[in-house]
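With compact mmCIF, C-alpha atoms inside, this is data-v5.txt:
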```txt
# COMPACT_ATOMS: atom_id res chain seq x y z
CA MET A 1378 120.80 71.89 131.09
CA ASN A 1379 120.61 69.60 128.05
CA GLU A 1380 120.52 71.15 124.61
CA LEU A 1381 118.96 68.94 121.95
CA ALA A 1382 118.79 69.11 118.16
CA ILE A 1383 115.56 67.54 116.92
CA THR A 1384 114.40 66.89 113.38
CA VAL A 1385 110.95 65.68 112.41
CA ILE A 1386 110.00 65.07 108.80
CA GLY A 1387 107.05 63.31 107.29
CA ARG A 1388 103.97 63.40 105.09
CA ASP A 1389 102.25 66.70 105.82
CA ARG A 1390 98.98 66.71 107.74
CA PRO A 1391 97.31 69.18 110.08
CA GLY A 1392 98.55 68.95 113.67
CA ILE A 1393 102.18 67.87 113.36
CA VAL A 1394 103.52 71.04 114.99
CA ALA A 1395 100.94 70.88 117.78
CA ASP A 1396 101.63 67.19 118.42
CA VAL A 1397 105.41 67.61 118.58
CA ALA A 1398 105.28 70.87 120.55
CA GLU A 1399 102.86 69.36 123.08
CA ALA A 1400 105.06 66.29 123.56
CA LEU A 1401 108.04 68.55 124.19
CA ALA A 1402 106.11 70.89 126.49
CA ARG A 1403 104.98 67.95 128.63
CA LEU A 1404 108.65 67.10 129.19
CA GLY A 1405 109.45 70.69 130.12
CA ALA A 1406 111.48 71.20 126.95
CA ASN A 1407 111.77 74.82 125.90
CA LEU A 1408 111.85 75.42 122.13
CA THR A 1409 114.51 77.96 121.35
CA ASP A 1410 115.35 78.35 117.65
CA SER A 1411 113.30 76.36 115.19
CA THR A 1412 112.46 76.36 111.54
CA MET A 1413 109.60 74.47 109.97
CA THR A 1414 108.38 74.32 106.42
CA ARG A 1415 106.70 72.16 103.85
CA LEU A 1416 108.90 70.58 101.21
CA ARG A 1417 107.21 68.72 98.33
CA GLY A 1418 104.32 67.68 100.58
CA HIS A 1419 106.58 66.66 103.45
CA PHE A 1420 106.52 68.75 106.59
CA ALA A 1421 110.02 69.29 107.96
CA MET A 1422 110.97 70.65 111.38
CA THR A 1423 114.42 71.36 112.68
CA LEU A 1424 114.58 72.68 116.19
CA ILE A 1425 116.81 73.25 119.15
CA CYS A 1426 115.33 72.81 122.60
CA VAL A 1427 116.69 72.81 126.12
CA GLY A 1428 115.59 70.83 129.13
CA PRO A 1429 115.05 67.09 129.15
CA ALA A 1430 117.33 64.19 128.34
CA ALA A 1431 117.53 63.01 124.73
CA ALA A 1432 116.21 59.55 125.62
CA ASP A 1433 113.07 61.05 127.21
CA VAL A 1434 112.36 63.10 124.09
CA GLU A 1435 112.90 60.09 121.84
CA ALA A 1436 110.42 58.12 123.93
CA ALA A 1437 107.89 60.96 123.86
CA LEU A 1438 108.10 61.33 120.08
CA ALA A 1439 108.03 57.60 119.36
CA PRO A 1440 104.20 57.33 119.39
CA LEU A 1441 103.99 60.12 116.80
CA ALA A 1442 106.25 58.15 114.46
CA ALA A 1443 104.50 54.84 115.12
CA ASP A 1444 102.40 54.94 111.95
CA GLY A 1445 105.52 55.23 109.81
CA GLN A 1446 104.50 58.64 108.39
CA LEU A 1447 106.85 60.68 110.55
CA LEU A 1448 110.56 60.28 111.18
CA ALA A 1449 111.95 61.94 114.33
CA THR A 1450 115.58 62.16 115.39
CA VAL A 1451 116.95 63.59 118.62
CA ARG A 1452 120.57 64.38 119.31
CA ALA A 1453 122.30 66.07 122.23
CA VAL A 1454 124.37 69.04 121.06
CA THR A 1455 126.93 71.28 122.68
CA PRO A 1456 125.28 74.39 124.12
CA ASP A 1457 126.28 77.83 122.89
CA GLY A 1458 126.58 76.70 119.30
CA GLU A 1459 126.34 80.29 118.11
CA THR A 1460 129.02 81.31 115.67
CA THR A 1461 130.35 84.80 115.44
CA PRO A 1462 129.49 86.61 112.21
CA THR A 1463 132.24 86.33 109.65
CA GLY A 1464 131.44 89.36 107.59
CA GLU A 1465 128.87 91.33 105.69
CA PRO A 1466 125.36 89.93 105.01
CA TYR A 1467 124.25 89.36 101.41
CA VAL A 1468 121.31 87.70 99.71
CA LEU A 1469 122.12 85.37 96.82
CA ALA A 1470 119.42 84.47 94.30
CA VAL A 1471 119.90 81.90 91.55
CA HIS A 1472 117.24 80.84 89.07
CA GLY A 1473 117.14 78.91 85.86
CA ALA A 1474 116.39 75.60 84.24
CA ASP A 1475 116.84 72.73 86.66
CA ARG A 1476 120.00 70.67 86.32
CA MET A 1477 122.31 68.75 88.61
CA GLY A 1478 124.80 70.59 90.75
CA ILE A 1479 123.51 74.16 90.87
CA VAL A 1480 123.62 74.40 94.68
CA ALA A 1481 126.93 72.55 94.82
CA ALA A 1482 128.64 74.82 92.31
CA MET A 1483 127.30 78.10 93.66
CA THR A 1484 127.95 77.32 97.32
CA ARG A 1485 131.48 76.12 96.47
CA VAL A 1486 132.20 79.59 95.07
CA LEU A 1487 131.02 81.09 98.36
CA ALA A 1488 133.00 78.63 100.47
CA ASP A 1489 136.19 79.20 98.45
CA ALA A 1490 135.83 82.93 99.15
CA GLY A 1491 135.50 82.33 102.90
CA GLY A 1492 131.76 83.02 102.79
CA ASN A 1493 129.33 81.35 105.18
CA VAL A 1494 125.81 80.26 104.20
CA THR A 1495 123.48 81.07 107.10
CA ASP A 1496 120.15 80.26 105.44
CA LEU A 1497 119.25 78.64 102.16
CA SER A 1498 116.15 77.35 100.48
CA THR A 1499 115.48 75.87 97.05
CA ARG A 1500 112.28 75.43 95.12
CA LEU A 1501 111.63 73.44 91.98
CA THR A 1502 108.45 74.34 90.16
CA GLY A 1503 107.95 72.92 86.71
CA SER A 1504 111.37 73.21 85.15
CA LEU A 1505 112.28 76.38 87.05
CA TYR A 1506 114.78 75.94 89.86
CA VAL A 1507 115.24 78.74 92.40
CA VAL A 1508 117.89 79.07 95.12
CA VAL A 1509 117.78 81.87 97.67
CA ALA A 1510 120.50 82.04 100.30
CA GLU A 1511 121.61 84.37 103.06
CA VAL A 1512 125.39 84.49 103.16
CA GLU A 1513 128.06 86.28 105.10
CA LEU A 1514 131.03 87.37 103.03
CA PRO A 1515 134.43 88.59 104.17
CA PRO A 1516 134.46 92.41 104.20
CA GLY A 1517 135.37 93.89 100.82
CA SER A 1518 135.09 90.60 98.92
CA SER A 1519 131.62 90.99 97.44
CA ASP A 1520 132.62 92.35 94.01
CA GLU A 1521 135.05 89.53 93.41
CA VAL A 1522 132.58 86.93 94.70
CA ALA A 1523 129.84 88.39 92.48
CA GLY A 1524 132.16 88.05 89.48
CA ARG A 1525 132.96 84.42 90.27
CA LEU A 1526 129.29 83.64 90.88
CA ALA A 1527 128.40 85.20 87.51
CA ARG A 1528 131.00 83.09 85.70
CA THR A 1529 129.83 79.90 87.41
CA ALA A 1530 126.20 80.77 86.71
CA ALA A 1531 127.01 81.35 83.03
CA GLU A 1532 128.61 77.90 82.85
CA LEU A 1533 125.47 76.41 84.40
CA GLY A 1534 123.15 78.47 82.21
CA VAL A 1535 121.36 80.08 85.17
CA GLY A 1536 120.87 83.66 86.34
CA VAL A 1537 122.42 84.95 89.56
CA SER A 1538 122.25 88.08 91.69
CA LEU A 1539 124.06 89.05 94.86
CA ARG A 1540 122.80 92.03 96.80
CA PRO A 1541 123.56 93.43 100.23
CA ALA A 1542 121.06 92.52 102.94
CA ASP A 1543 121.60 95.91 104.50
CA THR A 1544 119.53 96.70 107.52
CA ASP A 1545 118.26 100.13 108.40
CA LEU A 1546 118.11 100.89 112.10
CA LEU A 1547 114.96 102.81 112.86
CA MET B 914 86.79 122.79 113.61
CA THR B 915 89.31 121.39 111.18
CA ALA B 916 92.91 122.24 111.94
CA GLU B 917 94.78 123.96 109.15
CA TYR B 918 97.84 121.83 108.60
CA VAL B 919 101.07 123.53 107.65
CA GLY B 920 104.72 122.60 107.23
CA LEU B 921 107.60 122.65 109.68
CA ASP B 922 108.45 126.25 108.75
CA GLY B 923 111.92 126.03 110.22
CA TRP B 924 110.86 124.33 113.47
CA THR B 925 113.85 122.92 115.32
CA PRO B 926 114.21 121.20 118.70
CA GLU B 927 115.63 124.47 120.04
CA ALA B 928 112.05 125.80 119.87
CA LEU B 929 111.28 123.52 122.81
CA ALA B 930 113.52 125.80 124.93
CA VAL B 931 114.40 123.03 127.39
CA PRO B 932 117.59 120.98 127.48
CA GLY B 933 117.04 117.34 126.64
CA GLU B 934 118.30 114.56 128.88
CA VAL B 935 119.38 111.17 127.60
CA ARG B 936 117.04 108.45 128.84
CA PRO B 937 117.66 104.69 128.87
CA VAL B 938 116.15 102.83 125.91
CA VAL B 939 113.96 99.85 126.79
CA SER B 940 114.05 96.57 124.89
CA ALA B 941 111.40 94.02 123.99
CA PRO B 942 109.75 92.17 125.69
CA ASP B 943 109.10 95.21 127.92
CA PRO B 944 105.28 95.51 127.89
CA VAL B 945 105.41 99.28 127.34
CA LEU B 946 106.45 98.51 123.74
CA SER B 947 103.29 96.49 123.13
CA ARG B 948 100.83 98.98 124.62
CA PRO B 949 99.07 101.59 122.44
CA GLY B 950 100.09 104.99 123.75
CA PRO B 951 97.50 107.62 124.69
CA ALA B 952 97.31 110.92 122.82
CA VAL B 953 99.30 113.67 124.51
CA ASP B 954 98.72 117.34 125.28
CA PRO B 955 101.51 118.83 123.14
CA THR B 956 101.63 122.05 125.16
CA SER B 957 102.12 120.45 128.57
CA ASP B 958 105.50 120.90 130.27
CA GLU B 959 105.86 117.15 130.63
CA VAL B 960 105.39 116.56 126.91
CA VAL B 961 107.79 119.34 125.95
CA ARG B 962 110.43 117.87 128.28
CA LEU B 963 109.88 114.39 126.86
CA ALA B 964 110.21 115.76 123.31
CA ALA B 965 113.59 117.27 124.19
CA ASP B 966 114.65 114.01 125.85
CA LEU B 967 113.69 111.98 122.77
CA VAL B 968 115.84 114.21 120.57
CA ALA B 969 118.76 114.04 123.01
CA THR B 970 118.54 110.25 123.29
CA MET B 971 118.23 109.82 119.53
CA ARG B 972 121.31 111.97 118.96
CA VAL B 973 123.57 109.95 121.26
CA SER B 974 122.46 106.60 119.80
CA PRO B 975 124.63 105.56 116.84
CA GLY B 976 122.67 105.00 113.63
CA CYS B 977 119.39 105.95 115.27
CA VAL B 978 117.09 107.88 112.92
CA GLY B 979 113.96 107.81 115.05
CA LEU B 980 112.88 107.25 118.62
CA ALA B 981 109.36 106.90 120.00
CA ALA B 982 108.18 107.61 123.56
CA PRO B 983 107.47 103.92 124.36
CA GLN B 984 111.15 103.20 123.62
CA VAL B 985 112.13 105.31 126.61
CA GLY B 986 109.44 103.66 128.70
CA VAL B 987 106.68 106.25 128.26
CA SER B 988 103.42 105.07 126.73
CA ALA B 989 102.50 108.10 124.62
CA GLN B 990 101.92 109.12 121.02
CA MET B 991 105.10 111.04 120.43
CA PHE B 992 108.32 110.41 118.55
CA ALA B 993 111.42 112.11 117.21
CA VAL B 994 112.79 111.55 113.70
CA ASP B 995 115.92 112.67 111.90
CA VAL B 996 117.09 110.85 108.77
CA THR B 997 119.59 113.56 107.81
CA GLY B 998 122.69 112.05 106.26
CA HIS B 999 121.20 108.60 105.72
CA PRO B 1000 122.18 107.33 102.26
CA LYS B 1001 118.64 106.19 101.45
CA ALA B 1002 116.95 109.44 102.44
CA VAL B 1003 115.56 111.43 99.52
CA THR B 1004 113.12 113.94 100.97
CA LEU B 1005 114.05 114.95 104.50
CA HIS B 1006 112.85 117.47 107.03
CA GLY B 1007 115.73 117.50 109.51
CA THR B 1008 115.07 116.89 113.19
CA PHE B 1009 111.48 117.09 114.30
CA VAL B 1010 109.16 115.73 116.98
CA LEU B 1011 105.54 114.87 116.33
CA CYS B 1012 102.68 114.32 118.76
CA ASN B 1013 99.49 112.37 118.03
CA ALA B 1014 100.63 111.62 114.48
CA ARG B 1015 98.57 109.64 112.01
CA VAL B 1016 99.05 108.47 108.44
CA VAL B 1017 96.55 110.12 106.11
CA GLU B 1018 97.88 108.89 102.76
CA ALA B 1019 100.14 105.96 101.97
CA SER B 1020 101.15 104.50 98.62
CA ARG B 1021 103.95 102.77 96.69
CA TRP B 1022 104.57 99.92 99.10
CA LYS B 1023 108.09 98.53 99.16
CA ALA B 1024 109.83 95.87 101.22
CA GLY B 1025 112.93 96.72 103.22
CA ARG B 1026 114.91 95.20 106.07
CA GLU B 1027 114.47 97.00 109.38
CA GLY B 1028 116.16 96.88 112.71
CA CYS B 1029 115.09 98.61 115.91
CA MET B 1030 116.98 99.84 118.96
CA SER B 1031 114.40 98.09 121.12
CA VAL B 1032 114.87 94.75 119.33
CA PRO B 1033 118.65 94.74 119.23
CA ASP B 1034 119.30 91.18 118.04
CA LEU B 1035 116.80 90.77 115.20
CA THR B 1036 115.97 92.36 111.88
CA GLY B 1037 113.00 91.74 109.63
CA ASP B 1038 111.64 92.35 106.13
CA VAL B 1039 108.75 94.81 106.32
CA LYS B 1040 106.62 96.37 103.61
CA ARG B 1041 106.13 100.13 104.05
CA ALA B 1042 104.66 102.89 101.94
CA SER B 1043 107.37 104.89 100.19
CA ARG B 1044 105.01 107.84 99.58
CA LEU B 1045 103.43 109.16 102.75
CA VAL B 1046 101.39 112.01 104.14
CA VAL B 1047 101.37 112.33 107.93
CA GLU B 1048 99.47 114.74 110.14
CA GLY B 1049 100.29 115.52 113.74
CA VAL B 1050 101.10 118.41 116.03
CA LEU B 1051 104.39 119.92 117.13
CA PRO B 1052 105.27 119.80 120.82
CA GLY B 1053 105.42 123.18 122.54
CA THR B 1054 103.22 125.31 120.32
CA GLY B 1055 100.81 122.51 119.47
CA ARG B 1056 100.84 123.77 115.90
CA PRO B 1057 99.27 121.27 113.44
CA LEU B 1058 101.69 119.82 110.94
CA ARG B 1059 101.17 118.05 107.64
CA LEU B 1060 104.26 116.33 106.32
CA VAL B 1061 104.58 114.98 102.78
CA THR B 1062 107.57 112.70 102.37
CA ASP B 1063 108.91 109.60 100.67
CA GLY B 1064 111.50 106.84 100.76
CA PHE B 1065 113.48 106.37 103.91
CA GLU B 1066 111.91 109.21 105.89
CA ALA B 1067 108.49 107.72 105.08
CA ARG B 1068 109.66 104.33 106.37
CA ALA B 1069 111.03 105.89 109.55
CA LEU B 1070 107.75 107.73 110.21
CA GLN B 1071 105.69 104.55 109.80
CA HIS B 1072 108.05 102.65 112.12
CA GLU B 1073 107.71 105.35 114.81
CA ILE B 1074 103.93 105.73 114.41
CA ASP B 1075 103.73 101.94 114.87
CA HIS B 1076 105.68 102.25 118.14
CA CYS B 1077 103.09 104.76 119.37
CA ALA B 1078 100.37 102.20 118.55
CA GLY B 1079 102.17 99.46 120.47
CA LEU B 1080 103.47 97.72 117.35
CA LEU B 1081 107.02 96.57 116.63
CA PHE B 1082 108.42 95.72 113.19
CA LEU B 1083 108.01 92.11 114.39
CA ASP B 1084 104.25 92.64 114.07
CA ARG B 1085 104.64 93.54 110.40
CA VAL B 1086 107.19 91.06 109.02
CA ALA B 1087 106.39 89.53 105.66
CA GLY B 1088 106.40 85.88 106.77
CA ALA B 1089 107.75 83.16 109.02
CA HIS B 1090 111.16 83.33 107.39
CA ALA B 1091 111.33 87.11 107.29
CA ILE B 1092 113.16 87.65 110.58
CA TYR B 1093 116.88 87.30 110.91
CA GLN B 1094 119.59 87.40 113.52
CA ARG B 1095 121.14 90.82 113.29
CA LYS B 1096 124.62 90.38 111.89
CA VAL B 1097 126.14 93.82 111.77
CA TYR B 1098 126.36 95.95 114.87
CA LEU B 1099 126.94 99.65 114.56
```

As structure tokens:
Amino acid sequence: MNELAITVIGRDRPGIVADVAEALARLGANLTDSTMTRLRGHFAMTLICVGPAAADVEAALAPLAADGQLLATVRAVTPDGETTPTGEPYVLAVHGADRMGIVAAMTRVLADAGGNVTDLSTRLTGSLYVVVAEVELPPGSSDEVAGRLARTAAELGVGVSLRPADTDLL
Amino acid sequence: MTAEYVGLDGWTPEALAVPGEVRPVVSAPDPVLSRPGPAVDPTSDEVVRLAADLVATMRVSPGCVGLAAPQVGVSAQMFAVDVTGHPKAVTLHGTFVLCNARVVEASRWKAGREGCMSVPDLTGDVKRASRLVVEGVLPGTGRPLRLVTDGFEARALQHEIDHCAGLLFLDRVAGAHAIYQRKVYL
């Protein structure tokens, strides 16, 4: 069974998801994990699907991209790409005046501590820049990481918080 | 006639006077989890036995603070709760089982991340009332109960009442990016 990584990005309009999903369904491609959102007026989809050959999916998506408003890429990936969790889940929030390098500096702190970013989104609205990330940190490292994040944030002139994403089992 | 609702008054699962058996817990997408359960007769032998089984199954499941009948494959409005010892619990009433429960007052809504034994691989951010009044009846005697609680016990009660209505936390998540792969296993 082929596993494919597909990205589609383009000027937002109603019907992009339906068009792409229909094209994939016709080929017998099963959407597994996907994430889709609107970024600055562009609709962006990243998805993993299993089933058809990459060339068939490229051909099926080509008509959608024909007007130059959508860009679609298809790539075969190794199945079972799941990674084992590396530690404890935390939510990182950063906000402040926009400037270059906020994501780079903050995520470098996490990487240096052996932390893994599992989800991240940024928003710029007016001059306010916001980063929210889900990260896994090595057990017992959160206090030290929080300290380093606070120092880096102070250098950048932004605010930062790191809190456990603790789940209650009900 | 309006039932006069009272508190637990020291009710414990021992009042059921039957030994509970551990039952297998079903996982989504089992359709029993999506079906609203019928009201039960709290004095029937079958319901009393199920109540004892829910308590027994909850007790052997690590980290489990509540278990509803649909989670053991029985479509019915009944659940067991016990948040004793949970770090987020403020008000708590120990172990109890409620039949035909309904929320009569809910306020102070707060978001929190929930997991569920029947959805073992996902968690989600769900808004729940942190002040709650619930009415139901106790299995066995059928005595009406009115429970006033808050915080974590309130969240647990809403989660279990949802199960009885055929709803999972997945039906209540805050948005498209509010579900997550579960990362920590107990």

Show me, as an MDAnalysis selection string, the residues that have an atom within 10 Å of stretch 966-973 of chain B when counting only C-alpha atoms, minus same-chain residues fewer than 2 positions from it.
chainID B and resid 926 931:938 960:964 975:982 984:985 991:995 1008:1010

Taking only C-alpha atoms into account, name the residue in B:Arg1059, B:Arg1085, B:His1076, B:Arg1044 that is nearest to chain A.
B:His1076

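Distance-wise, atom CA of A:Thr1529 and atom CA of A:Met1483 end up 7.0 Å apart.
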
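Using all atoms listed in the file for every distance, the candidate list B:Gly1028, B:Phe1065, B:Leu1058, B:Val1046 yields B:Gly1028 as the residue closest to B:Arg1095.
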
Pull out every residue of chain A sitting within 12 Å of chain B, counting only C-alpha atoms, and send them as an NGL selection string.
:A and (1410-1414 or 1459-1468 or 1495-1498 or 1509-1514 or 1516 or 1541-1547)

Could the residues in this selection be saved with C-alpha atoms as a PDB file, keeping the file's coordinate frame?
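Wrote it out as again-v4.pdb, contents follow:
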```pdb
ATOM      1  CA  ASP A1410     115.350  78.350 117.650  1.00  0.00           C
ATOM      2  CA  SER A1411     113.300  76.360 115.190  1.00  0.00           C
ATOM      3  CA  THR A1412     112.460  76.360 111.540  1.00  0.00           C
ATOM      4  CA  MET A1413     109.600  74.470 109.970  1.00  0.00           C
ATOM      5  CA  THR A1414     108.380  74.320 106.420  1.00  0.00           C
ATOM      6  CA  GLU A1459     126.340  80.290 118.110  1.00  0.00           C
ATOM      7  CA  THR A1460     129.020  81.310 115.670  1.00  0.00           C
ATOM      8  CA  THR A1461     130.350  84.800 115.440  1.00  0.00           C
ATOM      9  CA  PRO A1462     129.490  86.610 112.210  1.00  0.00           C
ATOM     10  CA  THR A1463     132.240  86.330 109.650  1.00  0.00           C
ATOM     11  CA  GLY A1464     131.440  89.360 107.590  1.00  0.00           C
ATOM     12  CA  GLU A1465     128.870  91.330 105.690  1.00  0.00           C
ATOM     13  CA  PRO A1466     125.360  89.930 105.010  1.00  0.00           C
ATOM     14  CA  TYR A1467     124.250  89.360 101.410  1.00  0.00           C
ATOM     15  CA  VAL A1468     121.310  87.700  99.710  1.00  0.00           C
ATOM     16  CA  THR A1495     123.480  81.070 107.100  1.00  0.00           C
ATOM     17  CA  ASP A1496     120.150  80.260 105.440  1.00  0.00           C
ATOM     18  CA  LEU A1497     119.250  78.640 102.160  1.00  0.00           C
ATOM     19  CA  SER A1498     116.150  77.350 100.480  1.00  0.00           C
ATOM     20  CA  VAL A1509     117.780  81.870  97.670  1.00  0.00           C
ATOM     21  CA  ALA A1510     120.500  82.040 100.300  1.00  0.00           C
ATOM     22  CA  GLU A1511     121.610  84.370 103.060  1.00  0.00           C
ATOM     23  CA  VAL A1512     125.390  84.490 103.160  1.00  0.00           C
ATOM     24  CA  GLU A1513     128.060  86.280 105.100  1.00  0.00           C
ATOM     25  CA  LEU A1514     131.030  87.370 103.030  1.00  0.00           C
ATOM     26  CA  PRO A1516     134.460  92.410 104.200  1.00  0.00           C
ATOM     27  CA  PRO A1541     123.560  93.430 100.230  1.00  0.00           C
ATOM     28  CA  ALA A1542     121.060  92.520 102.940  1.00  0.00           C
ATOM     29  CA  ASP A1543     121.600  95.910 104.500  1.00  0.00           C
ATOM     30  CA  THR A1544     119.530  96.700 107.520  1.00  0.00           C
ATOM     31  CA  ASP A1545     118.260 100.130 108.400  1.00  0.00           C
ATOM     32  CA  LEU A1546     118.110 100.890 112.100  1.00  0.00           C
ATOM     33  CA  LEU A1547     114.960 102.810 112.860  1.00  0.00           C
TER      34      LEU A1547
END
```

Point-to-point distance in Å for atom CA of A:Thr1384 and atom CA of A:Ala1482:
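Straight-line distance from atom CA of A:Ala1482 to atom CA of A:Thr1384 works out to 26.6 Å.
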
Which residues, written as a PDB file with C-alpha atoms, keeping the file's coordinate frame, have at least one atom at most 9 Å from A:Gly1536, with only C-alpha atoms counted and residues fewer than 5 positions away on the same chain left out?
```pdb
ATOM      1  CA  ALA A1470     119.420  84.470  94.300  1.00  0.00           C
ATOM      2  CA  VAL A1471     119.900  81.900  91.550  1.00  0.00           C
ATOM      3  CA  HIS A1472     117.240  80.840  89.070  1.00  0.00           C
ATOM      4  CA  GLY A1473     117.140  78.910  85.860  1.00  0.00           C
ATOM      5  CA  ALA A1527     128.400  85.200  87.510  1.00  0.00           C
ATOM      6  CA  ALA A1530     126.200  80.770  86.710  1.00  0.00           C
ATOM      7  CA  ALA A1531     127.010  81.350  83.030  1.00  0.00           C
TER       8      ALA A1531
END
```

Point-to-point distance from atom CA of A:Ala1439 to atom CA of A:Arg1417, Å rounded to tenths:
23.8 Å

Find, counting only C-alpha atoms, the residue in B:Gly1088, B:Gly1053, B:Arg1015, B:Val1061 that gets nearest to B:Glu927.
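Checking each candidate against B:Glu927, we get B:Gly1053 as the closest.
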
With a distance cut-off of 12 Å and all atoms listed in the file, select the neighbouring residues of B:Tyr918, excluding the residue or stretch itself and same-chain residues fewer than 3 positions from it, and output the selection as a PyMOL selection string.
chain B and resi 915+921-922+1046-1051+1055-1061

Box in all listed atoms of stretch 939-949 of chain B, axis-aligned, with 8 Å more on each side; write out centre and edge lengths in Å to one decimal as lines of an AutoDock Vina configuration file.
```
center_x = 106.6
center_y = 96.9
center_z = 125.2
size_x = 31.0
size_y = 25.4
size_z = 21.5
```

Here's a test: counting all atoms listed in the file, identify every protein, DNA and RNA residue with an atom at most 12 Å from (135.0, 80.4, 97.8) in the file's coordinate frame, and state them as a PyMOL selection string.
chain A and resi 1481-1494+1512-1515+1518-1519+1521-1526+1529

Write out as a PyMOL selection string the residues lying within 6 Å of stretch 947-955 of chain B, counting only C-alpha atoms and excluding same-chain residues fewer than 4 positions away.
chain B and resi 960+988-990+1013+1052-1053+1055+1077-1080

Polymer residues at most 8 Å from B:Ala1024, all atoms listed in the file, same-chain spacing of 3 or more positions, as a PyMOL selection string
chain B and resi 1038-1041

I need the residue nearest B:Leu1011 from this list: B:Ala1087, B:Ala1042, B:Ile1074, B:Val1032. Use all atoms listed in the file for the distance.
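Answer, going by the shortest atom-to-atom distance: B:Ile1074.
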
Restricting the calculation to only C-alpha atoms: of B:Asp1063, B:Ala930, B:Ile1092, B:Trp924, which residue gets closest to B:Ala965?
B:Ala930

From A:Ala1400, A:Val1451, A:Leu1424, A:Ile1393, residue lying nearest A:Ala1437 [only C-alpha atoms]
A:Ala1400

From the coordinates supplied, stretch 929-934 of chain B should be written with all heavy atoms, as a compact mmCIF listing (two decimals), in the first residue's frame.
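What landed in part-v8.txt:
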```
# COMPACT_ATOMS: atom_id res chain seq x y z
N LEU B 929 -25.05 -1.75 47.56
CA LEU B 929 -25.65 -2.53 46.48
C LEU B 929 -25.77 -4.00 46.85
O LEU B 929 -26.59 -4.73 46.30
CB LEU B 929 -24.78 -2.41 45.21
CG LEU B 929 -24.67 -0.99 44.60
CD1 LEU B 929 -23.56 -0.94 43.56
CD2 LEU B 929 -26.00 -0.57 44.00
N ALA B 930 -24.92 -4.43 47.81
CA ALA B 930 -24.99 -5.81 48.36
C ALA B 930 -24.80 -6.90 47.33
O ALA B 930 -25.28 -8.02 47.51
CB ALA B 930 -26.31 -6.00 49.13
N VAL B 931 -24.14 -6.56 46.20
CA VAL B 931 -23.76 -7.61 45.25
C VAL B 931 -22.29 -7.37 44.87
O VAL B 931 -21.86 -6.23 44.77
CB VAL B 931 -24.62 -7.63 43.96
CG1 VAL B 931 -26.01 -8.11 44.24
CG2 VAL B 931 -24.64 -6.27 43.29
N PRO B 932 -21.55 -8.45 44.66
CA PRO B 932 -20.15 -8.27 44.25
C PRO B 932 -20.09 -7.83 42.79
O PRO B 932 -20.82 -8.34 41.96
CB PRO B 932 -19.54 -9.66 44.44
CG PRO B 932 -20.68 -10.60 44.33
CD PRO B 932 -21.91 -9.87 44.77
N GLY B 933 -19.24 -6.86 42.53
CA GLY B 933 -19.10 -6.39 41.15
C GLY B 933 -18.12 -7.24 40.37
O GLY B 933 -17.14 -7.73 40.92
N GLU B 934 -18.42 -7.41 39.09
CA GLU B 934 -17.48 -8.12 38.21
C GLU B 934 -16.89 -7.14 37.22
O GLU B 934 -17.58 -6.24 36.74
CB GLU B 934 -18.22 -9.23 37.45
CG GLU B 934 -18.52 -10.44 38.32
CD GLU B 934 -19.32 -11.49 37.55
OE1 GLU B 934 -19.26 -11.47 36.30
OE2 GLU B 934 -20.00 -12.27 38.22
```
